[in-house]
Amino acid sequence: MADLTHIGDDGAARMVDIGAKQASERVAIVSGVIHMSPEALAAVRAGDAPKGDVLGTARIAGVMAAKKTGELIPLCHPLALDAVNVEFAFEGSGIRATATVSLTGKTGVEMEAMVAVSTALLTIYDMAKALDKGMVIGEVRLIEKRGGKSGHWKAEG
């Protein structure tokens, strides 16, 4: 168990001690997609959804969620983020959300970017569910991370 960073010698889950780590610039980029009916997609694109500005609301929700990640994911550290950017792109039958999160700190921001994208996509679902209850959220994944001990990583393809 000693090799597992989030498991103590007694086998209990614990938050990793990052006190001795050096601060460095860290960036994570995550994306995901919500697929929906052509009618729902057209309404979101036109700004005609019953609940109002779907993408504007989803962008704010994503930013807010990234800032709350340490409260939502049990072993994540609360972080003072430098920047959170949530963008949307219409693709085929859906909308791709991409979050870029950065800070100068002692631990990475992958989870903050994951939470930002997931919450943005869930907010799109909430804002457009009157138009399409069968929307599907998926493909949430790390695209790229920079900084920290493991350095730079980028997804293939």
# chains A, B, ... in the order shown; residues from 1 in each chain; ligands from 1
>>> residues_around(residues="Ala40 of chain A", least_positions_apart="6", cutoff="12 Å", atoms="only C-alpha atoms", output="PyMOL selection string")
chain A and resi 34+46-50+54+93-95+124-125+127-135
>>> write_last_selection(atoms="N, CA and C atoms", output="compact mmCIF listing (two decimals), in the first residue's frame")
# COMPACT_ATOMS: atom_id res chain seq x y z
N ILE A 34 -22.00 16.91 -25.82
CA ILE A 34 -23.39 16.54 -25.59
C ILE A 34 -24.07 16.45 -26.95
N ALA A 46 -29.58 29.16 -32.03
CA ALA A 46 -30.31 30.40 -32.29
C ALA A 46 -30.60 31.21 -31.03
N GLY A 47 -30.35 30.63 -29.88
CA GLY A 47 -30.65 31.32 -28.62
C GLY A 47 -32.12 31.29 -28.29
N ASP A 48 -32.84 30.28 -28.81
CA ASP A 48 -34.29 30.18 -28.61
C ASP A 48 -34.72 29.10 -27.61
N ALA A 49 -33.83 28.65 -26.77
CA ALA A 49 -34.20 27.62 -25.79
C ALA A 49 -35.12 28.24 -24.74
N PRO A 50 -36.07 27.45 -24.22
CA PRO A 50 -37.05 27.99 -23.26
C PRO A 50 -36.44 28.62 -22.01
N VAL A 54 -28.39 29.31 -23.18
CA VAL A 54 -27.87 28.01 -22.76
C VAL A 54 -26.35 28.05 -22.60
N SER A 93 -23.98 16.49 -34.49
CA SER A 93 -25.23 16.42 -33.74
C SER A 93 -25.10 16.95 -32.32
N GLY A 94 -24.06 17.70 -32.04
CA GLY A 94 -23.90 18.13 -30.67
C GLY A 94 -23.06 19.37 -30.48
N ILE A 95 -22.70 19.56 -29.22
CA ILE A 95 -21.90 20.71 -28.81
C ILE A 95 -20.72 20.18 -28.01
N ILE A 124 -25.98 22.42 -19.95
CA ILE A 124 -26.63 22.43 -21.27
C ILE A 124 -27.82 21.49 -21.25
N TYR A 125 -27.63 20.29 -20.67
CA TYR A 125 -28.75 19.34 -20.57
C TYR A 125 -29.92 19.98 -19.82
N MET A 127 -30.65 23.11 -19.32
CA MET A 127 -31.22 24.26 -20.03
C MET A 127 -32.01 23.85 -21.26
N ALA A 128 -31.70 22.67 -21.83
CA ALA A 128 -32.35 22.25 -23.08
C ALA A 128 -33.23 21.01 -22.94
N LYS A 129 -33.40 20.51 -21.74
CA LYS A 129 -34.15 19.26 -21.57
C LYS A 129 -35.62 19.37 -21.98
N ALA A 130 -36.17 20.56 -21.97
CA ALA A 130 -37.55 20.72 -22.43
C ALA A 130 -37.66 20.43 -23.93
N LEU A 131 -36.54 20.56 -24.64
CA LEU A 131 -36.50 20.32 -26.08
C LEU A 131 -36.12 18.90 -26.44
N ASP A 132 -35.33 18.25 -25.57
CA ASP A 132 -34.84 16.91 -25.88
C ASP A 132 -34.39 16.23 -24.59
N LYS A 133 -35.18 15.30 -24.10
CA LYS A 133 -34.82 14.58 -22.88
C LYS A 133 -33.83 13.45 -23.15
N GLY A 134 -33.60 13.13 -24.41
CA GLY A 134 -32.72 12.02 -24.78
C GLY A 134 -31.29 12.43 -25.10
N MET A 135 -30.88 13.62 -24.68
CA MET A 135 -29.50 14.05 -24.95
C MET A 135 -28.52 13.10 -24.27
>>> select_by_dssp(residues="segment 5-136 of chain A", states="alpha helix (DSSP H)", output="PyMOL selection string")
chain A and resi 38-46+54-67+69-72+110-128
>>> closest_atom_pairs(of="segment 1-75 of chain A", to="segment 148-156 of chain A", cutoff="10 Å", atoms="only C-alpha atoms", output="CSV")
residue,atom,partner,partner_atom,distance
A:Lys21,CA,A:Gly148,CA,9.3
A:Gln22,CA,A:Gly148,CA,8.6
A:Ala23,CA,A:Gly148,CA,8.1
A:Ser24,CA,A:Gly148,CA,6.3
A:Glu25,CA,A:Gly148,CA,7.5
A:Arg26,CA,A:Gly148,CA,6.5
A:Val27,CA,A:His152,CA,9.4
A:Ala28,CA,A:Trp153,CA,9.5
A:Ile29,CA,A:Lys154,CA,9.3
>>> closest_atom_pairs(of="segment 21-87 of chain A", to="segment 99-103 of chain A", cutoff="9 Å", atoms="only C-alpha atoms", output="tab-separated table")
residue	atom	partner	partner_atom	distance
A:Ser24	CA	A:Leu103	CA	8.1
A:Glu25	CA	A:Leu103	CA	5.9
A:Arg26	CA	A:Leu103	CA	5.5
A:Val27	CA	A:Ser102	CA	4.4
A:Ala28	CA	A:Val101	CA	5.4
A:Ile29	CA	A:Thr100	CA	4.5
A:Val30	CA	A:Ala99	CA	5.4
A:Ser31	CA	A:Ala99	CA	6.4
A:Gly62	CA	A:Ala99	CA	7.9
A:Val63	CA	A:Ala99	CA	8.6
A:Ala66	CA	A:Val101	CA	8.0
A:Leu79	CA	A:Leu103	CA	8.3
A:Ala80	CA	A:Leu103	CA	7.2
A:Leu81	CA	A:Leu103	CA	5.0
A:Asp82	CA	A:Leu103	CA	4.6
A:Ala83	CA	A:Ser102	CA	5.3
A:Val84	CA	A:Val101	CA	4.5
A:Asn85	CA	A:Thr100	CA	5.2
A:Val86	CA	A:Ala99	CA	4.4
A:Glu87	CA	A:Ala99	CA	6.5
>>> write_last_selection(atoms="C-alpha atoms", output="PDB file, in the first residue's frame")
ATOM      1  CA  SER A  24       5.123  25.384 -11.034  1.00  0.00           C
ATOM      2  CA  GLU A  25       2.876  26.545 -13.844  1.00  0.00           C
ATOM      3  CA  ARG A  26       0.214  23.932 -14.551  1.00  0.00           C
ATOM      4  CA  VAL A  27      -2.412  23.746 -17.279  1.00  0.00           C
ATOM      5  CA  ALA A  28      -5.067  21.150 -18.092  1.00  0.00           C
ATOM      6  CA  ILE A  29      -7.347  21.015 -21.121  1.00  0.00           C
ATOM      7  CA  VAL A  30     -10.405  18.744 -21.077  1.00  0.00           C
ATOM      8  CA  SER A  31     -13.237  18.330 -23.562  1.00  0.00           C
ATOM      9  CA  GLY A  62     -18.288  25.450 -15.722  1.00  0.00           C
ATOM     10  CA  VAL A  63     -16.155  28.238 -14.262  1.00  0.00           C
ATOM     11  CA  ALA A  66     -13.883  24.355 -11.439  1.00  0.00           C
ATOM     12  CA  LEU A  79      -6.853  25.414  -5.305  1.00  0.00           C
ATOM     13  CA  ALA A  80      -6.497  29.114  -6.061  1.00  0.00           C
ATOM     14  CA  LEU A  81      -6.939  28.952  -9.824  1.00  0.00           C
ATOM     15  CA  ASP A  82      -5.328  31.565 -12.051  1.00  0.00           C
ATOM     16  CA  ALA A  83      -7.729  31.098 -14.968  1.00  0.00           C
ATOM     17  CA  VAL A  84     -10.666  28.998 -16.145  1.00  0.00           C
ATOM     18  CA  ASN A  85     -11.848  29.241 -19.728  1.00  0.00           C
ATOM     19  CA  VAL A  86     -14.848  27.287 -21.049  1.00  0.00           C
ATOM     20  CA  GLU A  87     -15.538  27.314 -24.789  1.00  0.00           C
TER      21      GLU A  87
END
>>> closest_residue(among="A:Pro74, A:Thr98, A:Phe90, A:Gly138", to="Met15 of chain A", atoms="only C-alpha atoms")
A:Pro74
>>> atom_distance(atom1="atom CA of His35 of chain A", atom2="atom CA of Arg146 of chain A")
29.1 Å
>>> select_by_dssp(residues="chain A", states="strand (DSSP E or B)", output="ChimeraX atom specification")
/A:7,13,24-35,83-91,94-105,136-146,153-154
>>> atom_distance(atom1="atom CA of Gly108 of chain A", atom2="atom CA of Arg96 of chain A")
23.0 Å
>>> residues_around(residues="segment 68-70 of chain A", least_positions_apart="3", cutoff="10 Å", atoms="only C-alpha atoms", output="ChimeraX atom specification")
/A:62-65,73-79,109,111-116
